[in-house]
Structure formats: structure tokens, C-alpha cells
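K.L.:
Let me give you the structure first, and then I'll get to my questions.
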Amino acid sequence: MAQFQEVSKQSGLHPKPAGLVLQYGTAGFRTNAKLLDHVMFRMGVLATLRSKKTKATIGVMVTASHNPEEDNGVKLIDPMGEMVTPAWEGYASQLANAEQEDLLAALKDIIEKEAINMSQEANVFVGKDTRSSSASLSQAVLDGVSSLGGHSKDYGLVTTPQLHYMVCCQNTQGKYGDATVDGYYRKLSQAFIQLTKSASNRTDDQKHLIVDGANGIGALKVREMEAHLKKELQISLFNDGKGKLNHQCGADFVKVQQKPPTGVEMSPGEPCCSFDGDADRIVYYYSDSEGQFHLLDGDKIATLISTFLKELLTQAGLDLKIAVVQTAYANGSSTRYLEDTMKVLVRCTKTGVKHLHHAAQEFDVGVYFEANGHGTVLFSKAAEEKIQQLAEDAGINDERKRAARLLQNTVDVINQTVGDAISDMLLIEAILAIKGMTVQQWDSIYSDLPNRQLKVKVSDRRVIDTADAERRAVSPAGLQDAIDSLVKKYRQARSFVRPSGTEDVVRVYAEAETQESADSLAHEVSLAVY
Ligand code: NG1
Ligand code: ZN
């Protein structure tokens, strides 16, 4: 057919290595950049179909997040800025894995199954991270879009959450904000400046933050953001892009290694944070006067944010249901603190942002964070309206008004489409300023249980099947019994195993009363996995 001629021709310029099979996993396609040219082209094609199907703008982000520089990857973004719906993840794998001669058949199959009207217009937003392979790979995406007659807008270098934000703005006709990078800076910085105005006694010291940019896109963008902050936040940027991406730095390194990144000059008590390679994750940390390292991960962040929001909702007299969504990796102390002390509802979902995001949508205010620092807050439409109305209500007392205005600006500083290191950083800094809290005081809200994460290589990780939000292994037979009896040997212990969705490994997690116990429990459970 004539309309596929261009796809045929162009796909020949982006050929698939015969026999190569890749899976659209938890975070899209991710592997060595050399293997991805055909995948990018095809994802441009698929995004065009998705746009025709939804009659909305779709996003395609070229990044491999915290993976090494040599890797790259691609993620599709649905109309409201959320991850692409699961059925289309299946189509993505189907299209990426079709051999060259079968590509058109695979394409037609999707068009038929989804009953896509091919005369519908299509719009695709494309963004990329700073990897050296990203320029040509994002060009392959653009080629894919144009081969099927779609329109594209190339945002060039942006963080993953910035592209999610643009897609959402575009599809809500500007109600969420302007679909420009400048619009993003303006919305978030104005909200941040408003929030910090309520922090009366903020000293210059408290306006200072050390940021590890992981030598990635976040480093570039946090600098641009800083220019909008009118000195209300002054950033000392390390790993600013001159060094190797994610190498011994960044949020993933800091969280997994439980140590500071290289290349950052820390002084005792000074708050620091690390972004990951595409700036959708953030973790905080500091070293104390004895030089000991303290990590404030996604669980501590969720606790700080949900405590702040709960207090404001109470002060505002708003009866809105707030919940925190975590995964099995959440530290047991955080769950206990939230449920027992804060009396906040806690939900546990499977690993992967889409699961958390989905669960958080069930509440008026849903705070979700993975322990690794990926997370955000979702406000239901009704919640946003109530906050708005109250902030504009002339008949309420000053305390309620102040709380309502703070809530309003909090909503605006948050990127609700996806976890966003820059937005989360601004929110955390604003909360610390408003509460007059130091990073040490925040850290001492509860003490993490010592924990350990290990990776185990097995011949086929898929033989492990889990249930109960991945907290129990249902196959192979006997594995969970073995884990249960190992856990019983230690105090305050918990352990689980699950196959990774992004690497060919089984992940083992253990926590216990002491680091020694957590380490040996993790080790013993790894042996049970073989
Ligand atoms: P897998 O490889 O499925 O454990 C990892 C992270 C997830 C999520 C995805 C996508 C851990 C334990 N797992 O998934 O939280 O962020 O990568 O990036 O951190
Ligand atoms: Zn990331």
C-alpha cells in the first residue's frame, strides 16, 4: 500500500540485526546503544499509531536513565504524561522484534487489532538525554514518525519528566502549563518562590544545596532552573556533565552502594542530593560530624512529603483521603512509622512506577515513591478543586487560608506526570524551609532498618513467580518455605526475592535488626535461590 512505502524505504535505512530479540520492560527498551537504531525507528512508527489511536500527542524519550553511558533506551509516553498502557508495550515488543521482511505485516496487524483510522492526524514529542548515542537514535525516532506521515516536535535535550510534562500540557490545552521548557521552569519556580515566602526565618545557609548531577541531563537542567529561582535556592553543582555519565555517581550509585558519589565535596551536616541519568529519581544524604554517611532515600522523602501534606490538610480543615504507595523495597521502619505514628494509609504494589502511579490515583492525595527515589504526588481533580476553592474563600480564618495557599503552591511545584528529580528537590527544599527543619532532623524522624540488596545470576530468572506485591515467591516450590525459615533466625527480619524487570538477574532484599544480620540473611537467601 502506498501509505507504507515510505516506512518500507526508511526502515531499510534502520535495519534490524537478524535474530535480535528485545523486550519492552519495566522501563521501556534498554540495552547497548549499538543495538537500538531499528528499535528507535520503529518506536517512532508506533508512537505515530498510538497518537492516531488516542487522537492525542504521544511522547518518545530516548534515554537509558542510570545505565552506563554505552547503553541507551526508549520509553513511550501516553497522553496524560503517564507510561504507555500495557497492551501497547506488547505491540512495542512485537514491532521491535519483527524481522525486516515481516515489519509491514506486524504494523498492519497492530492497525487492524486497534482499528486505527490511518487518516487521523498524528503528533509526537521527542526528547533525549546527553548520551553520545542519543542524537542519532532520536533522529531515528523522528524518521519513524515522518515515514508514517506524523508530525513531530523535537525538544532536544530534556529530562524524562520534562518530556512527560510537555505531553500532558499539550493534551490538556495548556491547563497543566505551557508545553515549553521555559513554561516548566516558570510554573515550578513561581510555586517554589511562593512556598518559601512562608518560611519566615530562612537563613542564607538554608538556601544552599549540593547537587550531584550524575554527569547527565539533570545537571544541565538544574542550572537552567536555578536561574529562575531568584537566589531562593543556590546550588553547588558537582558531576556537572564533564565527567562520565552515572560513573560512580548519581542516585542509583548512592542508593545501592549506600555511600557518597565521587566528585562531590561534602562538609559535615550539609544537605546533598543526587539525580539519576535522566533526572527522574532523587536521593538526599549528608555526612555527620564523625564522617558517617546518612542516606535519605525515597521512603524518607515520601514520609517528609506525606507528613507535610497531612498537616496542611488538617490545618485547612479539608477532609481528603491521603495515602502513601510503596513497594516491597520500602524500609520496614518507614511503613511502620507511616502506619503507626502518622496514621497514614499505606499501600504496597509491585515494583515499577506504573504500578505505583496507578495505585496512587485511587486517593484524593496519593504520595508514591520507590525506595530508589523515583516518585511524586498525585492529586485527584476533586482534591485540586477543593484546595483551589478554599484558597479563594474570603470567609475562612488566617490559619486555614495559609494552609490552603500552601497546598495550592505545593500542587503547582509538583510534576504529577511522573517522578521528577528537579520538582521533588524543590518540594523537599520548600518543606524543610517551611518546617524549619535541618536534614538531620528530617533523617531522625525514624531510623532505617539495616538492609542489603543483592543480585543473583540464575539460568532462567522467570522460574521465580511472585504474589502479594512481590513479597512472596509462589514458585519454584519450596523457595518461600526456605526463605521463611531463614528469616525466622533473625530479629526484625524480612526478605523477599523477585526477578528483575530491567536486568537478567534475580534481586534479593533483606532487612534485619543489625547490618550483619541483614547481610547474612541476604547471603543465605541468595544461596536458596540457586
Ligand atoms: P527492576 O530491575 O525490575 O528491579 C528497577 C528498579 C525499579 C524501577 C525500574 C525502572 C529497584 C529494586 N528496582 O527495576 O524500582 O525503578 O528499575 O527503572 O530499584
Ligand atoms: Zn531514571
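Ligands are numbered from 1 in the order shown, chains are lettered A, B, ... in the order of the C-alpha cells, and residues start at 1 in each chain.
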Around ligand 1, at most 8 Å away and counting only C-alpha atoms and all ligand atoms, which residues are there? Put them as a PDB file with N, CA and C atoms, in the first residue's frame, please.
P.N.:
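That gives us out25.pdb:
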ATOM      1  N   THR A  26      10.076  -2.972  32.183  1.00  0.00           N
ATOM      2  CA  THR A  26       9.553  -2.000  33.152  1.00  0.00           C
ATOM      3  C   THR A  26       9.854  -0.568  32.722  1.00  0.00           C
ATOM      4  N   ALA A  27      11.012  -0.382  32.087  1.00  0.00           N
ATOM      5  CA  ALA A  27      11.410   0.982  31.739  1.00  0.00           C
ATOM      6  C   ALA A  27      11.625   1.110  30.235  1.00  0.00           C
ATOM      7  N   SER A  65      18.476   6.180  31.390  1.00  0.00           N
ATOM      8  CA  SER A  65      18.444   6.520  32.812  1.00  0.00           C
ATOM      9  C   SER A  65      19.786   6.299  33.517  1.00  0.00           C
ATOM     10  N   HIS A  66      19.812   5.409  34.514  1.00  0.00           N
ATOM     11  CA  HIS A  66      21.035   5.226  35.314  1.00  0.00           C
ATOM     12  C   HIS A  66      21.994   4.191  34.729  1.00  0.00           C
ATOM     13  N   ASP A 252      21.312   6.193  41.673  1.00  0.00           N
ATOM     14  CA  ASP A 252      21.338   4.738  41.765  1.00  0.00           C
ATOM     15  C   ASP A 252      22.600   4.263  42.473  1.00  0.00           C
ATOM     16  N   TYR A 329      10.329  -2.984  48.494  1.00  0.00           N
ATOM     17  CA  TYR A 329      11.666  -2.498  48.862  1.00  0.00           C
ATOM     18  C   TYR A 329      11.633  -1.386  49.904  1.00  0.00           C
ATOM     19  N   THR A 351       6.906  -3.630  41.973  1.00  0.00           N
ATOM     20  CA  THR A 351       7.941  -2.695  41.542  1.00  0.00           C
ATOM     21  C   THR A 351       7.602  -2.138  40.160  1.00  0.00           C
ATOM     22  N   GLY A 352       8.005  -0.901  39.924  1.00  0.00           N
ATOM     23  CA  GLY A 352       7.739  -0.290  38.608  1.00  0.00           C
ATOM     24  C   GLY A 352       6.763   0.853  38.790  1.00  0.00           C
ATOM     25  N   VAL A 353       7.180   2.003  38.288  1.00  0.00           N
ATOM     26  CA  VAL A 353       6.445   3.234  38.518  1.00  0.00           C
ATOM     27  C   VAL A 353       4.985   3.150  38.093  1.00  0.00           C
ATOM     28  N   GLU A 370       9.307   4.978  45.087  1.00  0.00           N
ATOM     29  CA  GLU A 370      10.099   3.765  45.204  1.00  0.00           C
ATOM     30  C   GLU A 370      11.261   4.112  46.133  1.00  0.00           C
ATOM     31  N   ALA A 371      11.773   3.108  46.828  1.00  0.00           N
ATOM     32  CA  ALA A 371      12.867   3.366  47.766  1.00  0.00           C
ATOM     33  C   ALA A 371      14.054   4.019  47.046  1.00  0.00           C
ATOM     34  N   ASN A 372      14.194   3.730  45.742  1.00  0.00           N
ATOM     35  CA  ASN A 372      15.335   4.270  44.993  1.00  0.00           C
ATOM     36  C   ASN A 372      15.181   5.760  44.648  1.00  0.00           C
ATOM     37  N   HIS A 374      12.407   7.314  43.068  1.00  0.00           N
ATOM     38  CA  HIS A 374      11.513   7.696  41.980  1.00  0.00           C
ATOM     39  C   HIS A 374      10.107   7.866  42.550  1.00  0.00           C
ATOM     40  N   GLN A 453      20.727  -5.338  49.507  1.00  0.00           N
ATOM     41  CA  GLN A 453      20.167  -5.805  48.234  1.00  0.00           C
ATOM     42  C   GLN A 453      21.247  -6.541  47.496  1.00  0.00           C
ATOM     43  N   ARG A 498      12.747 -11.515  43.814  1.00  0.00           N
ATOM     44  CA  ARG A 498      11.913 -11.331  42.611  1.00  0.00           C
ATOM     45  C   ARG A 498      12.815 -11.200  41.388  1.00  0.00           C
ATOM     46  N   PRO A 499      12.306 -11.636  40.224  1.00  0.00           N
ATOM     47  CA  PRO A 499      13.122 -11.451  39.018  1.00  0.00           C
ATOM     48  C   PRO A 499      13.106  -9.983  38.623  1.00  0.00           C
ATOM     49  N   SER A 500      14.246  -9.435  38.268  1.00  0.00           N
ATOM     50  CA  SER A 500      14.313  -8.034  37.840  1.00  0.00           C
ATOM     51  C   SER A 500      13.583  -7.874  36.511  1.00  0.00           C
ATOM     52  N   GLY A 501      12.983  -6.717  36.316  1.00  0.00           N
ATOM     53  CA  GLY A 501      12.346  -6.423  35.039  1.00  0.00           C
ATOM     54  C   GLY A 501      13.262  -5.659  34.098  1.00  0.00           C
ATOM     55  N   THR A 502      14.443  -5.283  34.566  1.00  0.00           N
ATOM     56  CA  THR A 502      15.347  -4.494  33.724  1.00  0.00           C
ATOM     57  C   THR A 502      16.716  -5.138  33.518  1.00  0.00           C
ATOM     58  N   GLU A 503      17.035  -6.140  34.314  1.00  0.00           N
ATOM     59  CA  GLU A 503      18.332  -6.811  34.174  1.00  0.00           C
ATOM     60  C   GLU A 503      18.108  -8.318  34.250  1.00  0.00           C
ATOM     61  N   ARG A 507      16.685 -10.361  42.070  1.00  0.00           N
ATOM     62  CA  ARG A 507      17.074  -9.463  43.162  1.00  0.00           C
ATOM     63  C   ARG A 507      16.671 -10.070  44.500  1.00  0.00           C
TER      64      ARG A 507
END
K.L.:
Do a neighbour search on A:Gln190 at 9 Å with only C-alpha atoms, toss out local chain neighbours closer than 6 positions, and write the hits as a tab-separated table (two decimals) with C-alpha atoms, in the first residue's frame.
P.N.:
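Dumped everything to result-v9.tsv:
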chain	number	residue	atom	x	y	z
A	228	HIS	CA	14.55	31.17	37.67
A	229	LEU	CA	14.77	30.77	41.43
A	409	ASN	CA	1.52	26.12	45.63
A	412	ASP	CA	1.97	23.61	41.39
A	413	VAL	CA	5.54	22.75	42.35
K.L.:
Produce as a count of residues only the set of residues near ligand 2, where near means within 8 Å with only C-alpha atoms and all ligand atoms considered.
P.N.:
11
K.L.:
Got a sec: who's within 10 Å of A:Leu449, counting only C-alpha atoms, leaving out chain neighbours fewer than 4 positions off, as an NGL selection string?
P.N.:
:A and (331-334 or 492-493 or 510-515 or 518)
K.L.:
Could you write out the selected residues, including C-alpha atoms, as a PDB file, in the first residue's frame?
P.N.:
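Writing done, so here's part_0.pdb:
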ATOM      1  CA  ASN A 331      12.226   0.021  54.512  1.00  0.00           C
ATOM      2  CA  GLY A 332      10.105  -1.663  57.199  1.00  0.00           C
ATOM      3  CA  SER A 333      10.698   1.255  59.564  1.00  0.00           C
ATOM      4  CA  SER A 334       9.141   3.684  57.095  1.00  0.00           C
ATOM      5  CA  GLN A 492      13.023  -7.779  62.944  1.00  0.00           C
ATOM      6  CA  ALA A 493      13.844  -9.576  59.717  1.00  0.00           C
ATOM      7  CA  ALA A 510      16.817  -8.482  53.245  1.00  0.00           C
ATOM      8  CA  GLU A 511      16.463  -6.279  56.277  1.00  0.00           C
ATOM      9  CA  ALA A 512      17.090  -7.048  59.926  1.00  0.00           C
ATOM     10  CA  GLU A 513      17.953  -5.526  63.283  1.00  0.00           C
ATOM     11  CA  THR A 514      21.687  -5.228  62.513  1.00  0.00           C
ATOM     12  CA  GLN A 515      23.679  -4.750  59.307  1.00  0.00           C
ATOM     13  CA  ALA A 518      20.785  -8.170  57.056  1.00  0.00           C
TER      14      ALA A 518
END
K.L.:
So, counting only C-alpha atoms, which residue among A:Val487, A:Asp37, A:Met225, A:Tyr337 is closest to A:Ala135?
P.N.:
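Looking only at the distances to A:Ala135, the closest residue turns out to be A:Asp37.
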K.L.:
Closest to A:Arg202 among A:Ser236, A:Thr438, A:Gln120, A:Thr63, using only C-alpha atoms?
P.N.:
A:Thr438
K.L.:
Give me the residues near stretch 323-328 of chain A as a VMD selection string, where near means some atom within 10 Å (using only C-alpha atoms) and where sequence neighbours in that chain fewer than 4 positions away do not count.
P.N.:
chain A and resid 298 to 299 302 to 303 305 to 306 310 332 334 to 335 338 to 339 343 to 353 355 to 371 375 377 468 to 472 494 to 497 509
K.L.:
My list of candidates is A:Thr410, A:Gln441, A:Gln10, A:Ser93. Which is closest to A:Pro271 when distances are computed with only C-alpha atoms?
P.N.:
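Going through A:Thr410, A:Gln441, A:Gln10, A:Ser93 one by one, the smallest distance to A:Pro271 is for A:Gln441.
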K.L.:
Atom CA of A:Tyr155 and atom CA of A:Ala430, how far apart in Å?
P.N.:
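That distance, rounded to one decimal, is 28.7 Å.
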K.L.:
With DSSP run on the backbone, what are the alpha helix (DSSP H) residues within stretch 272-467 of chain A? I'd like them as number ranges by chain.
P.N.:
A: 298-316, 332-336, 353-360, 381-392, 398-413, 421-435, 439-443
K.L.:
Create the file for the chosen residues now, containing C-alpha atoms and written as a PDB file, in the first residue's frame.
P.N.:
ATOM      1  CA  GLY A 298      12.584   7.533  48.558  1.00  0.00           C
ATOM      2  CA  ASP A 299      10.988   6.244  51.772  1.00  0.00           C
ATOM      3  CA  LYS A 300      12.291   9.162  53.820  1.00  0.00           C
ATOM      4  CA  ILE A 301      11.172  11.534  51.055  1.00  0.00           C
ATOM      5  CA  ALA A 302       7.665  10.023  50.998  1.00  0.00           C
ATOM      6  CA  THR A 303       7.493  10.347  54.785  1.00  0.00           C
ATOM      7  CA  LEU A 304       8.528  14.002  54.743  1.00  0.00           C
ATOM      8  CA  ILE A 305       6.097  14.908  51.976  1.00  0.00           C
ATOM      9  CA  SER A 306       3.126  12.957  53.327  1.00  0.00           C
ATOM     10  CA  THR A 307       3.623  14.327  56.851  1.00  0.00           C
ATOM     11  CA  PHE A 308       3.711  17.869  55.460  1.00  0.00           C
ATOM     12  CA  LEU A 309       0.605  17.331  53.339  1.00  0.00           C
ATOM     13  CA  LYS A 310      -1.318  15.649  56.148  1.00  0.00           C
ATOM     14  CA  GLU A 311      -0.575  18.540  58.482  1.00  0.00           C
ATOM     15  CA  LEU A 312      -1.681  21.079  55.873  1.00  0.00           C
ATOM     16  CA  LEU A 313      -4.897  19.195  55.122  1.00  0.00           C
ATOM     17  CA  THR A 314      -5.709  19.154  58.839  1.00  0.00           C
ATOM     18  CA  GLN A 315      -4.925  22.866  59.212  1.00  0.00           C
ATOM     19  CA  ALA A 316      -7.012  23.669  56.150  1.00  0.00           C
ATOM     20  CA  GLY A 332      10.105  -1.663  57.199  1.00  0.00           C
ATOM     21  CA  SER A 333      10.698   1.255  59.564  1.00  0.00           C
ATOM     22  CA  SER A 334       9.141   3.684  57.095  1.00  0.00           C
ATOM     23  CA  THR A 335       5.996   1.589  56.734  1.00  0.00           C
ATOM     24  CA  ARG A 336       5.706   1.202  60.498  1.00  0.00           C
ATOM     25  CA  VAL A 353       6.445   3.234  38.518  1.00  0.00           C
ATOM     26  CA  LYS A 354       3.347   2.430  36.507  1.00  0.00           C
ATOM     27  CA  HIS A 355       2.042   0.212  39.325  1.00  0.00           C
ATOM     28  CA  LEU A 356       2.640   2.856  41.980  1.00  0.00           C
ATOM     29  CA  HIS A 357       1.193   5.617  39.831  1.00  0.00           C
ATOM     30  CA  HIS A 358      -1.936   3.575  39.195  1.00  0.00           C
ATOM     31  CA  ALA A 359      -2.457   2.791  42.898  1.00  0.00           C
ATOM     32  CA  ALA A 360      -1.889   6.434  43.883  1.00  0.00           C
ATOM     33  CA  LYS A 381      -9.339  16.511  40.264  1.00  0.00           C
ATOM     34  CA  ALA A 382     -11.798  16.863  43.142  1.00  0.00           C
ATOM     35  CA  ALA A 383      -8.938  17.453  45.606  1.00  0.00           C
ATOM     36  CA  GLU A 384      -7.421  20.157  43.408  1.00  0.00           C
ATOM     37  CA  GLU A 385     -10.786  21.875  43.100  1.00  0.00           C
ATOM     38  CA  LYS A 386     -11.408  21.821  46.856  1.00  0.00           C
ATOM     39  CA  ILE A 387      -7.947  23.254  47.528  1.00  0.00           C
ATOM     40  CA  GLN A 388      -8.497  25.950  44.921  1.00  0.00           C
ATOM     41  CA  GLN A 389     -11.919  26.904  46.270  1.00  0.00           C
ATOM     42  CA  LEU A 390     -10.663  27.110  49.823  1.00  0.00           C
ATOM     43  CA  ALA A 391      -7.682  29.246  48.861  1.00  0.00           C
ATOM     44  CA  GLU A 392     -10.075  31.708  47.267  1.00  0.00           C
ATOM     45  CA  ASP A 398      -5.953  33.023  58.550  1.00  0.00           C
ATOM     46  CA  GLU A 399      -4.652  29.611  59.558  1.00  0.00           C
ATOM     47  CA  ARG A 400      -6.923  27.799  57.128  1.00  0.00           C
ATOM     48  CA  LYS A 401      -6.163  30.305  54.392  1.00  0.00           C
ATOM     49  CA  ARG A 402      -2.416  29.930  54.870  1.00  0.00           C
ATOM     50  CA  ALA A 403      -2.701  26.131  54.725  1.00  0.00           C
ATOM     51  CA  ALA A 404      -4.887  26.272  51.613  1.00  0.00           C
ATOM     52  CA  ARG A 405      -2.455  28.601  49.837  1.00  0.00           C
ATOM     53  CA  LEU A 406       0.477  26.386  50.769  1.00  0.00           C
ATOM     54  CA  LEU A 407      -1.407  23.393  49.400  1.00  0.00           C
ATOM     55  CA  GLN A 408      -2.145  25.288  46.204  1.00  0.00           C
ATOM     56  CA  ASN A 409       1.515  26.115  45.630  1.00  0.00           C
ATOM     57  CA  THR A 410       2.516  22.587  46.600  1.00  0.00           C
ATOM     58  CA  VAL A 411       0.255  21.252  43.845  1.00  0.00           C
ATOM     59  CA  ASP A 412       1.973  23.605  41.386  1.00  0.00           C
ATOM     60  CA  VAL A 413       5.545  22.753  42.346  1.00  0.00           C
ATOM     61  CA  ALA A 421      14.220  14.986  40.489  1.00  0.00           C
ATOM     62  CA  ILE A 422      14.075  18.760  39.962  1.00  0.00           C
ATOM     63  CA  SER A 423      10.451  19.098  41.075  1.00  0.00           C
ATOM     64  CA  ASP A 424      10.966  16.748  44.055  1.00  0.00           C
ATOM     65  CA  MET A 425      14.074  18.707  45.042  1.00  0.00           C
ATOM     66  CA  LEU A 426      12.137  21.987  45.049  1.00  0.00           C
ATOM     67  CA  LEU A 427       9.313  20.452  47.060  1.00  0.00           C
ATOM     68  CA  ILE A 428      11.695  18.954  49.631  1.00  0.00           C
ATOM     69  CA  GLU A 429      13.640  22.220  49.975  1.00  0.00           C
ATOM     70  CA  ALA A 430      10.381  24.145  50.418  1.00  0.00           C
ATOM     71  CA  ILE A 431       9.106  21.722  53.075  1.00  0.00           C
ATOM     72  CA  LEU A 432      12.375  21.849  55.018  1.00  0.00           C
ATOM     73  CA  ALA A 433      12.284  25.646  54.841  1.00  0.00           C
ATOM     74  CA  ILE A 434       8.632  25.927  55.926  1.00  0.00           C
ATOM     75  CA  LYS A 435       9.054  23.420  58.756  1.00  0.00           C
ATOM     76  CA  VAL A 439      18.397  17.432  57.026  1.00  0.00           C
ATOM     77  CA  GLN A 440      19.467  15.763  60.300  1.00  0.00           C
ATOM     78  CA  GLN A 441      16.095  16.442  61.891  1.00  0.00           C
ATOM     79  CA  TRP A 442      14.381  15.031  58.836  1.00  0.00           C
ATOM     80  CA  ASP A 443      16.625  11.966  58.997  1.00  0.00           C
TER      81      ASP A 443
END
